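A.B. asks: Here you go, this is data.csv (CSV, C-alpha atoms).
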chain,number,residue,atom,x,y,z
A,1,MET,CA,-11.4,24.8,-7.2
A,2,THR,CA,-13.0,26.7,-4.3
A,3,GLU,CA,-16.4,25.1,-5.2
A,4,TRP,CA,-14.8,21.7,-4.9
A,5,ARG,CA,-13.3,22.6,-1.6
A,6,ASP,CA,-16.7,23.6,-0.3
A,7,GLU,CA,-18.2,20.3,-1.4
A,8,LEU,CA,-15.6,18.4,0.6
A,9,ALA,CA,-15.5,20.8,3.5
A,10,GLY,CA,-16.4,20.0,7.1
A,11,GLY,CA,-14.3,16.9,7.6
A,12,ARG,CA,-10.7,15.8,8.4
A,13,ILE,CA,-8.1,13.9,6.6
A,14,VAL,CA,-7.6,10.8,8.8
A,15,VAL,CA,-4.4,9.1,8.0
A,16,ALA,CA,-4.0,5.6,9.6
A,17,LEU,CA,-0.5,4.4,10.2
A,18,ASP,CA,1.0,1.3,11.8
A,19,ASP,CA,4.6,1.6,10.9
A,20,ALA,CA,7.0,4.6,11.3
A,21,ALA,CA,8.9,3.7,8.1
A,22,LEU,CA,5.6,3.9,6.2
A,23,ALA,CA,4.6,7.3,7.7
A,24,GLU,CA,6.8,9.6,5.6
A,25,TRP,CA,5.3,8.8,2.1
A,26,THR,CA,1.7,8.4,3.3
A,27,LEU,CA,1.9,11.6,5.4
A,28,ARG,CA,3.1,13.5,2.3
A,29,LEU,CA,0.0,12.6,0.4
A,30,ALA,CA,-2.3,13.3,3.4
A,31,THR,CA,-0.6,16.7,4.1
A,32,LYS,CA,-1.0,17.8,0.5
A,33,LEU,CA,-4.7,16.9,0.5
A,34,ALA,CA,-5.3,18.5,3.9
A,35,SER,CA,-3.6,21.7,2.7
A,36,ALA,CA,-5.6,21.8,-0.5
A,37,LEU,CA,-8.9,21.3,1.3
A,38,ARG,CA,-7.8,23.4,4.3
A,39,ALA,CA,-8.8,20.5,6.5
A,40,GLU,CA,-7.4,19.1,9.8
A,41,LEU,CA,-4.8,16.4,9.5
A,42,SER,CA,-5.7,13.7,11.9
A,43,GLY,CA,-3.1,11.0,12.5
A,44,LEU,CA,-3.9,7.7,13.9
A,45,PHE,CA,-1.2,5.2,14.9
A,46,VAL,CA,-2.5,1.7,15.2
A,47,GLU,CA,-0.8,-0.8,17.5
A,48,ASP,CA,-1.2,-4.1,15.6
A,49,VAL,CA,-3.3,-6.4,17.8
A,50,ASP,CA,-2.2,-9.4,15.8
A,51,LEU,CA,1.5,-8.7,16.5
A,52,LEU,CA,0.8,-8.3,20.2
A,53,ARG,CA,-1.1,-11.6,20.3
A,54,LEU,CA,1.8,-13.3,18.5
A,55,ALA,CA,4.3,-11.9,21.0
A,56,GLY,CA,2.2,-13.5,23.8
A,57,LEU,CA,2.6,-17.0,22.3
A,58,PRO,CA,5.4,-19.2,23.8
A,59,ILE,CA,6.6,-20.1,20.2
A,60,ALA,CA,7.2,-16.5,19.3
A,61,LYS,CA,10.9,-15.8,18.8
A,62,GLU,CA,13.1,-13.2,17.0
A,63,SER,CA,16.4,-13.6,15.3
A,64,GLY,CA,19.0,-11.3,13.7
A,65,PHE,CA,22.6,-11.0,12.5
A,66,ALA,CA,23.8,-9.7,15.8
A,67,MET,CA,22.1,-12.6,17.8
A,68,PRO,CA,23.9,-15.8,18.3
A,69,ALA,CA,20.6,-17.6,18.5
A,70,PRO,CA,16.9,-16.8,18.2
A,71,ARG,CA,15.5,-15.4,21.4
A,72,ARG,CA,12.1,-15.4,23.0
A,73,VAL,CA,9.9,-12.3,22.2
A,74,ALA,CA,8.7,-10.6,25.3
A,75,PRO,CA,5.3,-8.8,25.0
A,76,ALA,CA,6.8,-5.9,27.0
A,77,ASP,CA,9.5,-5.4,24.4
A,78,VAL,CA,6.9,-5.3,21.6
A,79,GLU,CA,4.8,-2.8,23.4
A,80,ARG,CA,7.9,-0.6,24.1
A,81,ALA,CA,8.8,-0.8,20.4
A,82,LEU,CA,5.3,0.3,19.4
A,83,ARG,CA,5.4,3.2,21.8
A,84,LEU,CA,8.7,4.4,20.2
A,85,GLN,CA,7.2,4.0,16.7
A,86,ALA,CA,4.1,6.0,17.8
A,87,GLN,CA,6.4,8.8,19.0
A,88,GLN,CA,8.3,8.8,15.7
A,89,VAL,CA,5.0,9.0,13.7
A,90,ARG,CA,3.7,11.8,15.9
A,91,ARG,CA,6.8,13.8,15.4
A,92,LEU,CA,6.6,13.3,11.6
A,93,LEU,CA,2.9,14.3,11.6
A,94,GLU,CA,3.6,17.5,13.6
A,95,GLU,CA,6.5,18.5,11.4
A,96,ALA,CA,4.4,17.9,8.3
A,97,ALA,CA,1.4,19.9,9.6
A,98,VAL,CA,3.5,22.8,10.9
A,99,ARG,CA,5.4,23.0,7.6
A,100,VAL,CA,2.2,23.8,5.7
A,101,ARG,CA,0.4,25.5,8.6
A,102,ILE,CA,-2.6,23.2,9.0
A,103,GLN,CA,-4.4,22.0,12.1
A,104,TRP,CA,-3.4,18.5,13.3
A,105,SER,CA,-4.2,15.9,15.9
A,106,PHE,CA,-2.9,12.5,16.9
A,107,GLN,CA,-4.3,9.4,18.5
A,108,VAL,CA,-3.1,5.9,19.3
A,109,ALA,CA,-5.4,3.0,19.0
A,110,ARG,CA,-5.0,-0.8,19.3
A,111,GLY,CA,-6.6,-3.1,16.8
A,112,ARG,CA,-6.3,-3.6,13.0
A,113,VAL,CA,-5.5,-0.5,10.9
A,114,TRP,CA,-8.7,-0.6,8.7
A,115,ASP,CA,-11.0,-1.2,11.7
A,116,ALA,CA,-9.5,1.5,13.8
A,117,ALA,CA,-9.4,4.1,11.1
A,118,LEU,CA,-13.0,3.6,9.9
A,119,ALA,CA,-14.3,3.4,13.4
A,120,ARG,CA,-12.9,6.9,14.2
A,121,ALA,CA,-13.9,8.5,10.9
A,122,GLY,CA,-17.0,10.7,10.7
A,123,GLU,CA,-19.2,10.8,7.7
A,124,ARG,CA,-17.4,13.9,6.3
A,125,ASP,CA,-13.9,12.6,6.9
A,126,LEU,CA,-11.6,11.2,4.2
A,127,VAL,CA,-9.5,8.2,5.4
A,128,LEU,CA,-6.1,7.4,3.9
A,129,LEU,CA,-4.9,3.9,4.3
A,130,ALA,CA,-1.8,2.0,3.2
A,131,ARG,CA,-0.5,-1.5,3.7
A,132,ARG,CA,2.5,-2.1,5.9
A,133,SER,CA,4.8,-3.5,3.2
A,134,LEU,CA,4.2,-0.5,0.9
A,135,GLY,CA,7.5,1.2,1.9
A,136,GLN,CA,8.3,4.9,2.0
A,137,THR,CA,7.8,5.9,-1.6
A,138,ALA,CA,5.1,3.7,-3.0
A,139,GLY,CA,6.8,3.0,-6.3
A,140,ALA,CA,8.9,6.2,-6.4
A,141,ALA,CA,12.1,4.8,-4.8
A,142,SER,CA,15.5,5.9,-6.0
A,143,GLY,CA,16.0,5.0,-9.7
A,144,GLU,CA,12.3,4.2,-10.2
A,145,GLU,CA,9.7,6.2,-12.2
A,146,ALA,CA,7.6,8.6,-10.0
A,147,PRO,CA,3.9,8.0,-9.7
A,148,ARG,CA,1.9,9.4,-12.7
A,149,ALA,CA,-1.7,9.3,-11.7
A,150,VAL,CA,-4.3,9.5,-9.0
A,151,LEU,CA,-7.2,7.1,-9.8
A,152,ALA,CA,-10.8,7.5,-8.7
A,153,LEU,CA,-13.2,4.6,-8.6
A,154,PHE,CA,-16.5,5.9,-10.0
A,155,ASP,CA,-19.7,3.9,-9.8
A,156,GLY,CA,-22.3,6.7,-10.1
A,157,GLU,CA,-23.4,6.7,-6.5
A,158,ALA,CA,-23.4,9.9,-4.4
A,159,ALA,CA,-20.1,9.1,-2.7
A,160,ALA,CA,-18.4,8.6,-6.0
A,161,TYR,CA,-18.7,12.3,-6.8
A,162,ARG,CA,-17.0,13.2,-3.6
A,163,ALA,CA,-14.3,10.7,-4.5
A,164,LEU,CA,-13.9,12.4,-7.9
A,165,GLY,CA,-13.5,15.7,-6.1
A,166,ALA,CA,-11.0,14.4,-3.6
A,167,ALA,CA,-9.0,12.6,-6.4
A,168,ALA,CA,-8.9,15.8,-8.4
A,169,HIS,CA,-7.6,17.8,-5.5
A,170,LEU,CA,-5.0,15.2,-4.7
A,171,ALA,CA,-3.9,14.9,-8.4
A,172,HIS,CA,-3.5,18.7,-8.6
A,173,ALA,CA,-1.5,18.8,-5.3
A,174,THR,CA,0.8,16.0,-6.3
A,175,ARG,CA,1.1,17.1,-9.9
A,176,CYS,CA,-0.2,13.8,-11.2
A,177,GLY,CA,-2.8,13.1,-13.8
A,178,LEU,CA,-6.4,12.2,-12.9
A,179,GLY,CA,-7.7,8.9,-14.1
A,180,VAL,CA,-11.2,7.3,-13.6
A,181,LEU,CA,-11.9,3.6,-13.1
A,182,ILE,CA,-15.5,2.7,-13.9
A,183,PRO,CA,-16.9,-0.8,-13.0
A,184,ALA,CA,-19.4,-1.7,-15.7
A,185,GLU,CA,-20.9,-4.9,-17.1
A,186,ASN,CA,-21.0,-3.7,-20.7
A,187,SER,CA,-19.9,-0.8,-22.9
A,188,GLN,CA,-23.3,0.9,-22.7
A,189,ALA,CA,-23.2,1.1,-18.9
A,190,PHE,CA,-19.6,2.2,-19.1
A,191,GLN,CA,-20.4,5.0,-21.5
A,192,HIS,CA,-23.3,6.2,-19.4
A,193,LEU,CA,-21.2,6.5,-16.3
A,194,ARG,CA,-18.3,8.0,-18.2
A,195,GLU,CA,-20.5,10.8,-19.5
A,196,LYS,CA,-21.8,11.5,-15.9
A,197,ALA,CA,-18.2,11.6,-14.6
A,198,ASP,CA,-16.9,13.8,-17.5
A,199,ARG,CA,-19.8,16.2,-17.1
A,200,TRP,CA,-19.4,16.6,-13.4
A,201,LEU,CA,-15.7,17.2,-13.7
A,202,GLU,CA,-16.2,19.7,-16.6
A,203,GLU,CA,-18.7,21.8,-14.6
A,204,ARG,CA,-15.9,22.3,-12.1
A,205,GLY,CA,-13.2,23.1,-14.6
A,206,TRP,CA,-11.4,19.8,-14.6
A,207,LYS,CA,-10.9,16.9,-17.0
A,208,ALA,CA,-9.8,13.3,-16.5
A,209,GLU,CA,-6.8,12.2,-18.6
A,210,GLY,CA,-8.6,8.9,-19.2
A,211,CYS,CA,-11.5,6.7,-18.1
A,212,GLN,CA,-11.0,3.0,-18.0
A,213,ARG,CA,-13.7,0.3,-17.9
A,214,ILE,CA,-13.1,-2.5,-15.4
A,215,PRO,CA,-15.3,-5.6,-15.0
A,216,ALA,CA,-15.8,-5.2,-11.3
A,217,ALA,CA,-14.4,-3.4,-8.3
A,218,LEU,CA,-12.3,-6.4,-7.2
A,219,ALA,CA,-8.9,-6.2,-5.4
A,220,THR,CA,-7.1,-8.0,-8.3
A,221,THR,CA,-8.6,-5.7,-10.9
A,222,LEU,CA,-7.8,-2.5,-9.0
A,223,ALA,CA,-4.3,-3.8,-8.2
A,224,ARG,CA,-3.6,-4.3,-11.9
A,225,ALA,CA,-5.0,-0.9,-12.9
A,226,THR,CA,-3.0,1.0,-10.2
A,227,ARG,CA,0.2,-0.8,-11.2
A,228,GLU,CA,-0.3,-0.1,-14.9
A,229,ARG,CA,-0.9,3.6,-14.3
A,230,ARG,CA,1.8,3.9,-11.6
A,231,SER,CA,-0.7,5.4,-9.3
A,232,ALA,CA,0.1,7.7,-6.4
A,233,ALA,CA,-3.2,6.8,-4.8
A,234,LEU,CA,-6.5,5.2,-5.4
A,235,VAL,CA,-9.6,7.1,-4.2
A,236,ALA,CA,-12.6,4.9,-3.6
A,237,PRO,CA,-16.2,5.6,-2.3
A,238,GLY,CA,-16.9,3.8,0.9
A,239,ASN,CA,-20.0,2.2,-0.5
A,240,ALA,CA,-17.8,0.3,-3.0
A,241,LEU,CA,-16.3,-1.6,-0.1
A,242,ALA,CA,-18.4,-4.7,0.4
A,243,GLY,CA,-17.1,-5.3,3.9
A,244,GLU,CA,-14.1,-5.7,6.1
A,245,GLY,CA,-12.8,-8.7,4.1
A,246,THR,CA,-12.9,-6.7,0.9
A,247,LEU,CA,-11.0,-3.7,2.4
A,248,ARG,CA,-8.4,-6.1,3.8
A,249,GLU,CA,-7.9,-7.6,0.4
A,250,TRP,CA,-7.6,-4.2,-1.3
A,251,LEU,CA,-5.0,-3.0,1.2
A,252,ARG,CA,-2.9,-6.2,0.7
A,253,ALA,CA,-3.2,-6.1,-3.1
A,254,ILE,CA,-3.0,-2.5,-4.1
A,255,PRO,CA,0.5,-1.1,-4.5
A,256,CYS,CA,-0.4,2.5,-3.4
A,257,PRO,CA,-2.2,4.2,-0.6
A,258,MET,CA,-6.0,4.2,-0.8
A,259,LEU,CA,-8.2,7.1,0.1
A,260,VAL,CA,-11.7,6.0,1.3
A,261,VAL,CA,-14.5,8.6,0.9
A,262,PRO,CA,-17.7,8.0,2.9
Let me see whether you can do it: turn the structure in this file into structure tokens.
C.D. replies:
Amino acid sequence: MTEWRDELAGGRIVVALDDAALAEWTLRLATKLASALRAELSGLFVEDVDLLRLAGLPIAKESGFAMPAPRRVAPADVERALRLQAQQVRRLLEEAAVRVRIQWSFQVARGRVWDAALARAGERDLVLLARRSLGQTAGAASGEEAPRAVLALFDGEAAAYRALGAAAHLAHATRCGLGVLIPAENSQAFQHLREKADRWLEERGWKAEGCQRIPAALATTLARATRERRSAALVAPGNALAGEGTLREWLRAIPCPMLVVP
């Protein structure tokens, strides 16, 4: 485990958040990983630029049970609400980091969550992202079955090995199984990549509970796999992301947080 930590050392765990209600579950994963790697936990609260632009339109209105009629949304009210959310997220981040005695930092940015997080991440950082509608427990709400696996996307490239290491650490920290998703055109290509992943893990004293062939690293394919395995998180190498559009699709489709590994 020490060797794995050394291979992933030198970076931060950047956790990007745009909603205070989302922070608790996502921070739980980020804190466990930062503690396992002895890395700094770097929180980033992203003020949603699309929400701010919407608030500036004359047609923007809000309604509620306590309101007799819909009322005009004032941009100042939205900015005030975002500031309050940022304060809540900062407090949650500080409490989580102090609890496990790790270094932490916090920033506020304006933009889209995936753009802001990746723009601030260094080449050694690991970036944890989650969609706004995920909720606090990502499938582990009261009365539901807890997540069972951390899945790593493995395509054989250099970053995929770091993704395997990060996924193994996270699986160990969350007491989940480790699964590997391998995009391959045919069974021969799948077997070749599976042997490489198995050998790399075995050399470090770890073993995947299962390797699954997927036709391609598409949002719909990955969403189906994470749902079927009740995943706590999906760990993906950054090179597997074909661009901003793909990352946006993944965040909207995948029902668990996603850890992006440069």
A.B. asks: Quick one: residues within 9 Å of A:Thr226, all atoms listed in the file counted, chain neighbours fewer than 2 positions away excluded, as a list in words?
C.D. replies: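 Result of the neighbour search: Ala149, Val150, Leu151, Thr221, Leu222, Ala223, Arg224, Glu228, Arg229, Arg230, Ser231, Ala232, Ala233, Leu234, Ile254, Pro255 and Cys256 of chain A.
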A.B. asks: So which one's closest to A:Arg112, A:Ala30, A:Val49, A:Ala130, A:Leu37? Using only C-alpha atoms, please.
C.D. replies: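 Between A:Ala30, A:Val49, A:Ala130, A:Leu37, the residue approaching A:Arg112 most closely is A:Val49.
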A.B. asks: I'd like the interatomic distance between atom CA of A:Ala159 and atom CA of A:Ala197, to a tenth of an Å.
C.D. replies: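 It comes out at 12.3 Å.
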A.B. asks: Work out how far atom CA of A:Asp18 is from atom CA of A:Pro75, in Å to one decimal.
C.D. replies: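 About the pair atom CA of A:Pro75 and atom CA of A:Asp18: they are 17.2 Å apart.
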A.B. asks: Is there a way to get, as a PyMOL selection string, all residues within 10 Å of the point (-14.0, 0.0, -3.3) in file coordinates, counting only C-alpha atoms?
C.D. replies: chain A and resi 152-155+216-219+222+234-243+246-247+250+258-261
